[in-house]
Amino acid sequence: MPEAQQPAAVDAGVQPVLRLSGITKRFGALTANDVISLQLQPGEILALLGENGAGKTTLMSILFGHYVADEGGIEAFGAPLPAGSPKAAISAGIGMVHQHFTLGENLSVLDNIVLGTEALWSLGQNSGAAKRKIETLAERFGLDIEAQRLVRDLSVGERQRVEILKALYRGARILILDEPTAVLTPQEVESFFATLKAMVADGLSIIFISHKLNEVMAIADRVAVLRQGSLVADFPIAEASRESLAEAMVGRAVALPERNALAPGATVLAMRNLSLRNGDGQTLLKNVTLTLRAREVLGIAGVSGNGQGALADLLSGLVTPDEGDLEVLGEAVTRVSPAAMLARGIGRVPEDRHATGVIGDFAVEENLVLEVYGDSRFSRLGFLKGTAIRRNAETLIEDFDIRGADPQTTTRSLSGGNMQKVILARVLTEKPKVILANQPTRGLDVGAAATMQRLLFEACAGGAGVILISEDLEELLQMSDRVAVLYQGQLSQAMPVEDADLRTLGLMMAGHSPAEAIDAP
Amino acid sequence: MDLLDIFVSLGFWAALVRMATPLVFGTLGELICERAGVLNLGIEGIMTMGAMVAWMWVYQGGDLWTAVLVAAIFGALFGLLHSGFSVYLGVSQHVTGIGITLLASALSYFAFRMLLPDVTTPPKIDPFKPYPIPGLSELPFLGEVLFTQSPLTYLAFLLVPVVGYGLYRTPLGLALRMVGENPMAVEAQGIDVHRLRTAAVMLGSAFMAVGGAFLTISVFDAFYIGMINGRGWICIALVIFASWRPGKALLGALLFAAFEALQIRVQQSASAFIPYQFFLMMPYVLSILAMIVMSRRAAYPKALLVPFRKGER
């Protein structure tokens, strides 16, 4: 934990490197930033904390000149910063690493870094000098990367290094990092934090945007909390606790649902040596074996792209395995289709609620019967029963507390949390035996996430087995009874959650065997 | 017939280089547009326009090189029109491009008729003459094939390394490649995405128009209806064949021209027993096959067809 030097520094009258005063930005009726004033001291890591939609990214986009504030001004190193110009921000020494990387995939690391640093009309490039400068920077801050490689061949962690190098190459003295750890494994986060420390030691100042409390507690010197566009807290990290920060973020105390270990029942789902290849013959899943019993949550960890999508598709009936056996409720499944999987009692909460979870332009009542509209409850002779569908929606909206919705509301207009409730209501009302929950809380605020978790626990207590695929390790450790790790299409043996911790899972996610992961120093 | 006779004849190789010329101009032009993220389906019409204005300029007493410049300017203007819709307004690039092709070809024929209402047979002009390069044209075989061509052919072949150098060795070329990959990255460096894309489309369209002009003021000496005859579309296919690389674009243009030149000669000697349509078809069939083989692993510009709107993400 860094020493609490900031208050002292302020007392000594040190110039802040960055001063935002009274920033206000409105999008139509929504006030994304409401008179926000912030200061950044030299050599400080300031964490900017807030839920999705709290206005963090908007504030930083204004700082970096992507948006123009309606009111307020910015000073960098004592000089006013012209609004709406990324170029001005760069030359004032501000560098930004976006959450969604702004890299050209088919271009080399070198090309990506030097873009825009030379006079546009010059007739040649000094690639040699640029390469040497990149190597020097990379070495100084521990950002190992080969300049000639194409960005498309890089891992997500490596791409992030390129983004940081891009900012450093331009002489950034203030670095804004937008949700930098969202895409990293725990080990990558560790080395990333080491890099941040090296940069601060070098005199850089950092704004670190996040919604992960433990990371903020681990790395920041000071924390500022945004809620619904307003700055609600700004204090040194020494005075903060996880609980106080969570409360500041949400505006009320949040009770996180507790897992109660239940006595698992009969096996509801079994996979034996399942393998799956895609059209190009690439292996997506290899010899996957798992069993799921009633009343338990089986967590699947893994860095995204290691086969989670394929596993979910398989259980949803979208793809047929090339080899291996699949049993649901003790019966072998030979002909796979989405309808067959539904009929066997598999409920599905898909990864991307907008793309595959709901049809945004349909009414809530239609989305609530999307998987069963052919059933005799809701149609007869090919005609839909309007009244039954309406009544079904009214009941579910009431039971699941779907806010801001009546049966005919367009689903698109719901918030993420309520949209997710529509999906869960649709799934749970059919009393599934197996629930596939793929990233059920991604992008939800703390309160909505807690609701999702509570609903899944309730279904579990009601006799269902839950497969929980998540990239959020803390969520997995909190919710699962057993945890397995997917790495390059291979699923590790599931271990009881008591034996798993962040470090073990992190190592397994990076391809180490469980034995190695547990024995590693 | 004897394939061997064809392959050893100087005429075949010289024709191949000549026929490749408009394809080289067009393919380079399309490549520049697509590298910047804009598919330019206006190419067929822009080539027609280039062919018409260049010819008309010379017919009205203008100088040949000025005619090339006039064609380039007209091409750039239609490029500007294209980017006005597709870049600034973000309209579908397919629809815009086809609209430009229809507009530019129809305008060319219309202007031709308006300016020369009374002619029945297409009037002729005095086109570019082959210009043997002193010294090099004395070389056996190569001298006649490569160095006794029209000046516009030399220009086309010279443009290949020039465009390659520009794209890969200059800051502007890097920005242009990046704007076709990830416009946000360009925007984040304070470079105007819309202006950069517009400049690329205008330059590319100028190349296309010069490709069209080559047909009327170099290889032929007249302008007639339908004379571009799908060459623009072939260029679009060649860009994919080339995986968006200038060097491979030259290779593709030469290959297609070779099929075309071969087709004419085989047709003459073999049409007694094989219908000539078969030979007409041959370059296209072979091109499709070559494209399938070549473009399987092609890494297309990631932001191709994606309009960029400031402040959106």
# chains A, B, ... in the order shown; residues from 1 in each chain; ligands from 1
>>> residues_around(residues="region 29-33 of chain B", least_positions_apart="6", cutoff="10 Å", atoms="only C-alpha atoms", output="PyMOL selection string")
chain B and resi 23+39-43+79+163+167+173+176-177+180+197-211+232+235-240+242-246+249+304
>>> write_last_selection(atoms="N, CA and C atoms", output="CSV table (one decimal), in the first residue's frame")
chain,number,residue,atom,x,y,z
B,23,LEU,N,-6.1,-2.0,-66.2
B,23,LEU,CA,-6.4,-2.8,-65.0
B,23,LEU,C,-5.5,-2.3,-63.9
B,39,LEU,N,-15.3,1.2,-50.1
B,39,LEU,CA,-15.5,0.4,-51.3
B,39,LEU,C,-16.0,1.4,-52.4
B,40,ASN,N,-15.3,1.4,-53.5
B,40,ASN,CA,-15.7,2.4,-54.6
B,40,ASN,C,-16.3,1.6,-55.7
B,41,LEU,N,-17.6,1.3,-55.7
B,41,LEU,CA,-18.3,0.6,-56.8
B,41,LEU,C,-18.5,1.6,-58.0
B,42,GLY,N,-18.2,2.9,-57.8
B,42,GLY,CA,-18.3,3.8,-58.9
B,42,GLY,C,-17.3,3.6,-60.0
B,43,ILE,N,-16.4,2.7,-59.8
B,43,ILE,CA,-15.2,2.6,-60.7
B,43,ILE,C,-15.6,2.4,-62.1
B,79,GLY,N,-15.1,11.1,-57.3
B,79,GLY,CA,-14.7,10.6,-56.0
B,79,GLY,C,-15.2,11.5,-54.9
B,163,VAL,N,3.0,3.8,-55.3
B,163,VAL,CA,1.8,3.6,-54.4
B,163,VAL,C,2.3,2.7,-53.2
B,167,LEU,N,2.2,3.9,-49.4
B,167,LEU,CA,1.4,3.2,-48.4
B,167,LEU,C,2.2,2.7,-47.2
B,173,GLY,N,0.7,7.4,-45.7
B,173,GLY,CA,0.3,6.0,-46.0
B,173,GLY,C,-0.1,5.2,-44.8
B,176,LEU,N,-3.4,6.3,-43.8
B,176,LEU,CA,-4.4,5.9,-44.7
B,176,LEU,C,-4.7,4.4,-44.4
B,177,ARG,N,-3.7,3.6,-44.2
B,177,ARG,CA,-4.0,2.2,-43.9
B,177,ARG,C,-4.7,2.0,-42.6
B,180,GLY,N,-8.5,2.7,-42.6
B,180,GLY,CA,-9.3,1.6,-43.1
B,180,GLY,C,-9.4,0.4,-42.1
B,197,ARG,N,-10.2,10.1,-45.6
B,197,ARG,CA,-10.9,9.1,-46.5
B,197,ARG,C,-11.3,9.8,-47.8
B,198,THR,N,-11.8,11.0,-47.7
B,198,THR,CA,-12.2,11.7,-48.9
B,198,THR,C,-11.0,11.9,-49.9
B,199,ALA,N,-9.8,12.3,-49.3
B,199,ALA,CA,-8.6,12.4,-50.1
B,199,ALA,C,-8.3,11.1,-50.8
B,200,ALA,N,-8.4,10.0,-50.0
B,200,ALA,CA,-8.1,8.7,-50.6
B,200,ALA,C,-9.0,8.4,-51.7
B,201,VAL,N,-10.3,8.6,-51.5
B,201,VAL,CA,-11.3,8.2,-52.6
B,201,VAL,C,-11.1,9.1,-53.8
B,202,MET,N,-10.7,10.4,-53.6
B,202,MET,CA,-10.5,11.3,-54.8
B,202,MET,C,-9.3,10.8,-55.5
B,203,LEU,N,-8.2,10.5,-54.8
B,203,LEU,CA,-7.0,10.1,-55.5
B,203,LEU,C,-7.2,8.7,-56.3
B,204,GLY,N,-7.9,7.8,-55.6
B,204,GLY,CA,-8.2,6.5,-56.2
B,204,GLY,C,-9.0,6.7,-57.4
B,205,SER,N,-10.0,7.6,-57.3
B,205,SER,CA,-10.9,7.8,-58.5
B,205,SER,C,-10.2,8.4,-59.6
B,206,ALA,N,-9.2,9.3,-59.3
B,206,ALA,CA,-8.4,9.9,-60.4
B,206,ALA,C,-7.7,8.8,-61.2
B,207,PHE,N,-7.1,7.9,-60.4
B,207,PHE,CA,-6.4,6.7,-61.0
B,207,PHE,C,-7.3,6.0,-62.0
B,208,MET,N,-8.5,5.7,-61.5
B,208,MET,CA,-9.5,4.9,-62.3
B,208,MET,C,-9.8,5.7,-63.6
B,209,ALA,N,-10.0,7.0,-63.5
B,209,ALA,CA,-10.4,7.7,-64.7
B,209,ALA,C,-9.2,7.7,-65.7
B,210,VAL,N,-8.0,7.8,-65.2
B,210,VAL,CA,-6.9,7.7,-66.1
B,210,VAL,C,-6.8,6.3,-66.8
B,211,GLY,N,-7.2,5.3,-66.0
B,211,GLY,CA,-7.3,4.0,-66.6
B,211,GLY,C,-8.3,3.9,-67.8
B,232,GLY,N,-13.9,-2.3,-64.8
B,232,GLY,CA,-14.0,-1.8,-63.5
B,232,GLY,C,-14.3,-2.9,-62.5
B,235,CYS,N,-11.4,-5.0,-61.8
B,235,CYS,CA,-10.5,-4.3,-60.9
B,235,CYS,C,-10.9,-4.6,-59.4
B,236,ILE,N,-12.2,-4.6,-59.1
B,236,ILE,CA,-12.6,-4.8,-57.8
B,236,ILE,C,-12.2,-6.2,-57.3
B,237,ALA,N,-12.4,-7.2,-58.3
B,237,ALA,CA,-12.0,-8.5,-57.9
B,237,ALA,C,-10.5,-8.6,-57.8
B,238,LEU,N,-9.8,-7.9,-58.6
B,238,LEU,CA,-8.3,-8.0,-58.5
B,238,LEU,C,-7.8,-7.4,-57.2
B,239,VAL,N,-8.5,-6.5,-56.6
B,239,VAL,CA,-8.1,-5.9,-55.3
B,239,VAL,C,-8.1,-7.0,-54.2
B,240,ILE,N,-9.2,-7.8,-54.3
B,240,ILE,CA,-9.3,-8.9,-53.3
B,240,ILE,C,-8.2,-10.0,-53.6
B,242,ALA,N,-5.5,-9.5,-54.8
B,242,ALA,CA,-4.2,-8.9,-54.4
B,242,ALA,C,-4.0,-8.8,-52.9
B,243,SER,N,-5.1,-9.2,-52.2
B,243,SER,CA,-5.0,-9.0,-50.7
B,243,SER,C,-4.7,-7.5,-50.3
B,244,TRP,N,-5.2,-6.6,-51.1
B,244,TRP,CA,-5.0,-5.2,-50.9
B,244,TRP,C,-3.5,-4.8,-50.9
B,245,ARG,N,-2.7,-5.5,-51.7
B,245,ARG,CA,-1.3,-5.1,-51.8
B,245,ARG,C,-0.9,-4.7,-53.3
B,246,PRO,N,-0.2,-3.6,-53.4
B,246,PRO,CA,0.0,-3.0,-54.8
B,246,PRO,C,0.8,-4.0,-55.7
B,249,ALA,N,-1.3,-6.7,-56.8
B,249,ALA,CA,-2.3,-6.1,-57.7
B,249,ALA,C,-1.8,-6.1,-59.2
B,304,LEU,N,-13.5,-1.6,-43.6
B,304,LEU,CA,-14.0,-1.5,-44.9
B,304,LEU,C,-15.6,-1.5,-44.8
>>> closest_atom_pairs(of="chain A", to="chain B", cutoff="9 Å", atoms="only C-alpha atoms", output="CSV")
residue,atom,partner,partner_atom,distance
A:Phe64,CA,B:Ala188,CA,8.7
A:Gly65,CA,B:Ala188,CA,8.8
A:His66,CA,B:Gly311,CA,6.2
A:Tyr67,CA,B:Gly311,CA,6.6
A:Ser85,CA,B:Gly190,CA,6.9
A:Pro86,CA,B:Gly190,CA,5.4
A:Lys87,CA,B:Gly190,CA,4.5
A:Ala88,CA,B:Gly190,CA,8.1
A:Ile90,CA,B:Gln189,CA,7.8
A:Met96,CA,B:Ala188,CA,9.0
A:His100,CA,B:Arg313,CA,8.9
A:Phe101,CA,B:Ala185,CA,8.4
A:Thr102,CA,B:Ala185,CA,4.6
A:Leu103,CA,B:Ala185,CA,6.0
A:Gly104,CA,B:Glu181,CA,5.0
A:Glu105,CA,B:Glu181,CA,6.8
A:Asn106,CA,B:Ala299,CA,7.1
A:Leu107,CA,B:Met178,CA,7.6
A:Asp111,CA,B:Leu174,CA,7.0
A:Asn112,CA,B:Met178,CA,8.0
A:Val114,CA,B:Pro171,CA,8.4
A:Leu115,CA,B:Ala175,CA,6.3
A:Gly116,CA,B:Gln189,CA,5.6
A:Thr117,CA,B:Gln189,CA,8.2
A:Glu118,CA,B:Pro171,CA,6.3
A:Ala119,CA,B:Pro171,CA,6.9
A:Leu120,CA,B:Leu172,CA,4.9
A:Trp121,CA,B:Leu172,CA,6.2
A:Ser122,CA,B:Thr170,CA,6.8
A:Leu123,CA,B:Thr170,CA,5.6
A:Gly124,CA,B:Thr170,CA,4.7
A:Gln125,CA,B:Thr170,CA,5.7
A:Ser127,CA,B:Arg169,CA,9.0
>>> write_last_selection(atoms="N, CA and C atoms", output="short mmCIF file (atom, residue, chain, number, x, y, z; two decimals), in the first residue's frame")
data_model
loop_
_atom_site.label_atom_id
_atom_site.label_comp_id
_atom_site.auth_asym_id
_atom_site.auth_seq_id
_atom_site.Cartn_x
_atom_site.Cartn_y
_atom_site.Cartn_z
N PHE A 64 -10.21 13.99 -22.87
CA PHE A 64 -9.35 13.66 -24.00
C PHE A 64 -9.83 14.30 -25.31
N GLY A 65 -10.89 15.09 -25.25
CA GLY A 65 -11.30 15.84 -26.44
C GLY A 65 -12.21 15.10 -27.39
N HIS A 66 -12.73 13.92 -27.01
CA HIS A 66 -13.69 13.25 -27.88
C HIS A 66 -15.05 13.93 -27.81
N TYR A 67 -15.40 14.43 -26.63
CA TYR A 67 -16.62 15.21 -26.46
C TYR A 67 -16.24 16.60 -26.01
N SER A 85 -10.39 18.58 -28.66
CA SER A 85 -9.29 18.28 -29.56
C SER A 85 -8.36 17.23 -28.95
N PRO A 86 -8.45 16.00 -29.44
CA PRO A 86 -7.53 14.97 -28.96
C PRO A 86 -6.07 15.39 -29.15
N LYS A 87 -5.83 16.10 -30.26
CA LYS A 87 -4.46 16.52 -30.56
C LYS A 87 -3.93 17.42 -29.45
N ALA A 88 -4.78 18.37 -29.01
CA ALA A 88 -4.36 19.28 -27.95
C ALA A 88 -4.10 18.50 -26.66
N ILE A 90 -3.13 15.40 -26.43
CA ILE A 90 -1.87 14.66 -26.56
C ILE A 90 -0.69 15.60 -26.35
N MET A 96 -4.40 8.37 -23.38
CA MET A 96 -5.58 7.63 -22.96
C MET A 96 -5.52 6.22 -23.50
N HIS A 100 -12.04 -0.09 -25.21
CA HIS A 100 -11.98 -0.80 -26.48
C HIS A 100 -10.77 -0.25 -27.20
N PHE A 101 -9.80 -1.12 -27.43
CA PHE A 101 -8.53 -0.64 -27.96
C PHE A 101 -8.72 0.00 -29.32
N THR A 102 -7.95 1.06 -29.55
CA THR A 102 -7.99 1.68 -30.87
C THR A 102 -6.72 1.28 -31.61
N LEU A 103 -6.69 0.01 -32.00
CA LEU A 103 -5.53 -0.50 -32.73
C LEU A 103 -5.98 -1.01 -34.09
N GLY A 104 -5.08 -0.94 -35.05
CA GLY A 104 -5.33 -1.53 -36.35
C GLY A 104 -4.80 -2.95 -36.34
N GLU A 105 -5.69 -3.92 -36.53
CA GLU A 105 -5.29 -5.32 -36.35
C GLU A 105 -4.31 -5.82 -37.39
N ASN A 106 -4.45 -5.34 -38.62
CA ASN A 106 -3.59 -5.86 -39.67
C ASN A 106 -2.30 -5.06 -39.81
N LEU A 107 -2.05 -4.20 -38.85
CA LEU A 107 -0.83 -3.39 -38.86
C LEU A 107 0.10 -3.87 -37.76
N ASP A 111 3.84 0.22 -36.41
CA ASP A 111 2.94 1.11 -37.16
C ASP A 111 1.90 1.72 -36.23
N ASN A 112 1.34 0.88 -35.37
CA ASN A 112 0.30 1.36 -34.48
C ASN A 112 0.82 2.43 -33.54
N VAL A 114 3.61 4.47 -33.99
CA VAL A 114 4.13 5.73 -34.56
C VAL A 114 3.06 6.53 -35.29
N LEU A 115 1.90 5.94 -35.53
CA LEU A 115 0.86 6.65 -36.27
C LEU A 115 0.63 8.05 -35.70
N GLY A 116 0.71 9.03 -36.57
CA GLY A 116 0.38 10.38 -36.14
C GLY A 116 1.50 11.12 -35.43
N THR A 117 2.67 10.47 -35.25
CA THR A 117 3.74 11.16 -34.54
C THR A 117 4.71 11.86 -35.48
N GLU A 118 4.54 11.62 -36.79
CA GLU A 118 5.43 12.27 -37.74
C GLU A 118 4.62 13.20 -38.62
N ALA A 119 5.29 14.19 -39.21
CA ALA A 119 4.59 15.11 -40.10
C ALA A 119 3.94 14.30 -41.22
N LEU A 120 2.66 14.53 -41.43
CA LEU A 120 1.88 13.70 -42.35
C LEU A 120 2.46 13.71 -43.76
N TRP A 121 3.02 14.83 -44.16
CA TRP A 121 3.45 14.94 -45.55
C TRP A 121 4.92 14.60 -45.76
N SER A 122 5.62 14.15 -44.73
CA SER A 122 7.02 13.85 -44.96
C SER A 122 7.13 12.61 -45.84
N LEU A 123 8.24 12.53 -46.59
CA LEU A 123 8.32 11.52 -47.64
C LEU A 123 8.87 10.18 -47.16
N GLY A 124 9.26 10.12 -45.92
CA GLY A 124 9.78 8.85 -45.43
C GLY A 124 9.56 8.74 -43.94
N GLN A 125 9.93 7.58 -43.39
CA GLN A 125 9.77 7.38 -41.95
C GLN A 125 11.09 6.93 -41.39
N SER A 127 12.02 4.53 -39.21
CA SER A 127 11.56 3.38 -38.44
C SER A 127 12.58 2.92 -37.42
#
>>> closest_residue(among="A:Leu298, A:Val216, A:Met341, A:Leu507", to="Leu315 (chain A)", atoms="only C-alpha atoms")
A:Met341
>>> closest_atom_pairs(of="region 239-342 of chain A", to="region 145-168 of chain A", cutoff="12 Å", atoms="only C-alpha atoms", output="JSON lines")
{"residue": "A:Val303", "atom": "CA", "partner": "A:Val156", "partner_atom": "CA", "distance": 9.9}
{"residue": "A:Ser304", "atom": "CA", "partner": "A:Val156", "partner_atom": "CA", "distance": 9.9}
{"residue": "A:Gly305", "atom": "CA", "partner": "A:Val156", "partner_atom": "CA", "distance": 10.8}
>>> residues_around(residues="region 231-234 of chain A", least_positions_apart="3", cutoff="8 Å", atoms="only C-alpha atoms", output="JSON, numbers by chain")
{"A": [34, 36, 37, 222, 223, 224, 225, 226, 227, 248]}
>>> write_last_selection(atoms="C-alpha atoms", output="compact mmCIF listing (two decimals), in the first residue's frame")
# COMPACT_ATOMS: atom_id res chain seq x y z
CA ASP A 34 -23.13 17.08 -13.40
CA ILE A 36 -17.76 17.59 -11.66
CA SER A 37 -14.56 19.03 -10.23
CA ARG A 222 -6.95 8.28 -3.88
CA VAL A 223 -10.43 7.39 -5.06
CA ALA A 224 -13.22 9.46 -6.57
CA VAL A 225 -16.68 7.93 -6.88
CA LEU A 226 -19.23 8.90 -9.52
CA ARG A 227 -22.89 8.06 -9.24
CA ALA A 248 -20.97 5.26 -2.38
>>> select_by_dssp(residues="region 14-247 of chain A", states="helix (DSSP H, G or I)", output="number ranges by chain")
A: 56-63, 86-91, 109-114, 127-141, 151-153, 156-169, 186-201, 213-219, 237-239, 242-247
>>> select_by_dssp(residues="region 88-270 of chain B", states="strand (DSSP E or B)", output="list in words")
Tyr131, Pro132, Thr148 and Gln149 of chain B
>>> residues_around(residues="region 15-20 of chain A", least_positions_apart="4", cutoff="12 Å", atoms="only C-alpha atoms", output="short mmCIF file (atom, residue, chain, number, x, y, z; two decimals) with N, CA and C atoms, in the first residue's frame")
data_model
loop_
_atom_site.label_atom_id
_atom_site.label_comp_id
_atom_site.auth_asym_id
_atom_site.auth_seq_id
_atom_site.Cartn_x
_atom_site.Cartn_y
_atom_site.Cartn_z
N GLN A 6 -0.68 12.15 -0.40
CA GLN A 6 -1.40 13.17 -1.13
C GLN A 6 -1.85 14.37 -0.30
N PRO A 7 -2.49 14.14 0.85
CA PRO A 7 -2.94 15.31 1.61
C PRO A 7 -1.77 16.22 1.93
N ALA A 9 0.94 16.56 0.21
CA ALA A 9 1.35 17.25 -1.00
C ALA A 9 0.46 18.46 -1.26
N VAL A 10 -0.84 18.28 -1.03
CA VAL A 10 -1.75 19.38 -1.26
C VAL A 10 -1.44 20.54 -0.30
N ASP A 11 -1.18 20.17 0.95
CA ASP A 11 -0.86 21.19 1.93
C ASP A 11 0.37 21.99 1.52
N THR A 24 -19.82 19.79 -16.92
CA THR A 24 -21.19 19.33 -17.09
C THR A 24 -21.38 18.91 -18.54
N ASN A 33 -22.68 14.07 -16.90
CA ASN A 33 -21.74 14.63 -15.92
C ASN A 33 -22.36 15.89 -15.35
N VAL A 35 -21.63 18.96 -13.04
CA VAL A 35 -20.72 19.86 -12.31
C VAL A 35 -19.66 19.07 -11.54
N ILE A 36 -18.79 18.41 -12.31
CA ILE A 36 -17.76 17.59 -11.66
C ILE A 36 -16.44 18.35 -11.59
N SER A 37 -15.86 18.41 -10.41
CA SER A 37 -14.56 19.03 -10.23
C SER A 37 -13.61 18.02 -9.61
N LEU A 38 -12.44 17.88 -10.22
CA LEU A 38 -11.47 16.87 -9.79
C LEU A 38 -10.07 17.43 -9.96
N GLN A 39 -9.15 16.96 -9.13
CA GLN A 39 -7.75 17.33 -9.31
C GLN A 39 -6.89 16.08 -9.28
N LEU A 40 -5.82 16.13 -10.05
CA LEU A 40 -4.88 15.01 -10.06
C LEU A 40 -3.51 15.55 -9.66
N GLN A 41 -2.90 14.94 -8.63
CA GLN A 41 -1.60 15.40 -8.16
C GLN A 41 -0.49 14.67 -8.91
N PRO A 42 0.69 15.28 -8.97
CA PRO A 42 1.81 14.58 -9.64
C PRO A 42 2.14 13.28 -8.91
N GLY A 43 2.42 12.25 -9.67
CA GLY A 43 2.84 10.97 -9.11
C GLY A 43 1.75 10.24 -8.36
N GLU A 44 0.52 10.51 -8.72
CA GLU A 44 -0.60 9.93 -7.98
C GLU A 44 -1.38 8.96 -8.87
N LEU A 46 -5.08 7.96 -9.23
CA LEU A 46 -6.44 8.29 -8.80
C LEU A 46 -7.39 7.27 -9.42
N LEU A 59 -16.75 11.48 -18.80
CA LEU A 59 -15.84 12.47 -18.22
C LEU A 59 -14.46 12.37 -18.86
N MET A 60 -13.97 11.15 -19.01
CA MET A 60 -12.64 10.98 -19.57
C MET A 60 -12.62 11.32 -21.06
N ILE A 62 -14.34 13.65 -22.39
CA ILE A 62 -14.27 15.11 -22.44
C ILE A 62 -12.83 15.55 -22.21
N LEU A 63 -12.21 14.94 -21.23
CA LEU A 63 -10.83 15.28 -20.93
C LEU A 63 -9.93 15.06 -22.14
N PHE A 64 -10.21 13.99 -22.87
CA PHE A 64 -9.35 13.66 -24.00
C PHE A 64 -9.83 14.30 -25.31
N ALA A 69 -17.48 19.54 -23.40
CA ALA A 69 -18.36 19.73 -22.24
C ALA A 69 -19.29 20.90 -22.50
N GLU A 71 -20.46 22.73 -20.02
CA GLU A 71 -19.95 23.76 -19.11
C GLU A 71 -18.67 23.24 -18.46
N GLY A 72 -17.88 24.19 -17.94
CA GLY A 72 -16.70 23.80 -17.19
C GLY A 72 -15.44 23.85 -18.01
N GLY A 73 -14.30 23.77 -17.33
CA GLY A 73 -13.03 23.86 -18.03
C GLY A 73 -11.99 22.92 -17.44
N ILE A 74 -10.92 22.73 -18.22
CA ILE A 74 -9.86 21.80 -17.82
C ILE A 74 -8.52 22.52 -17.89
N GLU A 75 -7.70 22.31 -16.89
CA GLU A 75 -6.33 22.82 -16.92
C GLU A 75 -5.38 21.66 -16.80
N ALA A 76 -4.38 21.61 -17.68
CA ALA A 76 -3.35 20.59 -17.57
C ALA A 76 -2.02 21.28 -17.35
N PHE A 77 -1.30 20.90 -16.33
CA PHE A 77 -0.02 21.51 -15.98
C PHE A 77 -0.14 23.03 -15.93
N GLY A 78 -1.25 23.50 -15.39
CA GLY A 78 -1.43 24.92 -15.18
C GLY A 78 -1.92 25.71 -16.37
N ALA A 79 -2.02 25.07 -17.55
CA ALA A 79 -2.47 25.79 -18.74
C ALA A 79 -3.84 25.27 -19.16
N PRO A 80 -4.74 26.17 -19.57
CA PRO A 80 -6.05 25.70 -20.00
C PRO A 80 -5.95 24.79 -21.22
N LEU A 81 -6.78 23.74 -21.24
CA LEU A 81 -6.75 22.76 -22.33
C LEU A 81 -7.88 23.07 -23.30
N ALA A 83 -10.91 22.69 -25.70
CA ALA A 83 -11.92 21.64 -25.68
C ALA A 83 -12.02 20.95 -27.03
N ALA A 89 -4.96 17.50 -26.40
CA ALA A 89 -4.78 16.70 -25.19
C ALA A 89 -3.45 15.96 -25.24
N ALA A 92 -0.59 18.24 -24.70
CA ALA A 92 -0.51 18.68 -23.31
C ALA A 92 0.01 17.56 -22.41
N GLY A 93 0.30 16.39 -23.01
CA GLY A 93 0.89 15.30 -22.22
C GLY A 93 -0.13 14.35 -21.62
N ILE A 94 -1.32 14.31 -22.21
CA ILE A 94 -2.34 13.38 -21.72
C ILE A 94 -2.42 12.20 -22.66
N ALA A 172 3.42 11.07 -22.89
CA ALA A 172 2.34 11.32 -21.94
C ALA A 172 2.90 11.38 -20.52
N ARG A 173 2.44 12.37 -19.76
CA ARG A 173 2.79 12.46 -18.34
C ARG A 173 1.57 12.18 -17.48
N ILE A 174 0.40 12.20 -18.12
CA ILE A 174 -0.84 11.85 -17.43
C ILE A 174 -1.46 10.71 -18.24
N LEU A 175 -1.73 9.62 -17.59
CA LEU A 175 -2.25 8.45 -18.32
C LEU A 175 -3.65 8.13 -17.81
N ILE A 176 -4.60 8.03 -18.74
CA ILE A 176 -5.96 7.66 -18.35
C ILE A 176 -6.19 6.23 -18.80
N GLY A 203 7.33 9.45 -12.21
CA GLY A 203 6.75 10.79 -12.16
C GLY A 203 5.47 10.96 -12.93
N LEU A 204 4.95 9.89 -13.55
CA LEU A 204 3.68 10.01 -14.25
C LEU A 204 2.52 10.05 -13.27
N SER A 205 1.41 10.61 -13.69
CA SER A 205 0.20 10.58 -12.89
C SER A 205 -0.83 9.75 -13.65
N ILE A 206 -1.64 9.02 -12.89
CA ILE A 206 -2.52 8.05 -13.55
C ILE A 206 -3.96 8.18 -13.05
N ILE A 207 -4.89 8.18 -13.99
CA ILE A 207 -6.30 8.03 -13.62
C ILE A 207 -6.73 6.64 -14.05
N LEU A 231 -20.26 13.61 -8.72
CA LEU A 231 -19.15 13.18 -7.89
C LEU A 231 -19.67 13.06 -6.46
#
>>> closest_residue(among="B:Ala257, B:Met227, B:Val119, B:Leu142", to="Ala15 (chain B)", atoms="only C-alpha atoms")
B:Ala257
>>> closest_residue(among="B:Leu3, B:Ile225, B:Met19, B:Leu116", to="Ala258 (chain B)", atoms="only C-alpha atoms")
B:Met19
>>> atom_distance(atom1="CA of Val328 (chain A)", atom2="CA of Leu396 (chain A)")
27.1 Å
>>> residues_around(residues="Leu255 (chain B)", least_positions_apart="5", cutoff="10 Å", atoms="only C-alpha atoms", output="VMD selection string")
chain B and resid 16 to 17 20 238 249 to 250 260 to 261 283 286 to 287 290
>>> residues_around(residues="Leu256 (chain A)", least_positions_apart="3", cutoff="10 Å", atoms="only C-alpha atoms", output="PyMOL selection string")
chain A and resi 253+259+446-447+449-451+453-454+478
>>> atom_distance(atom1="CA of Leu254 (chain B)", atom2="CA of Trp13 (chain B)")
10.1 Å
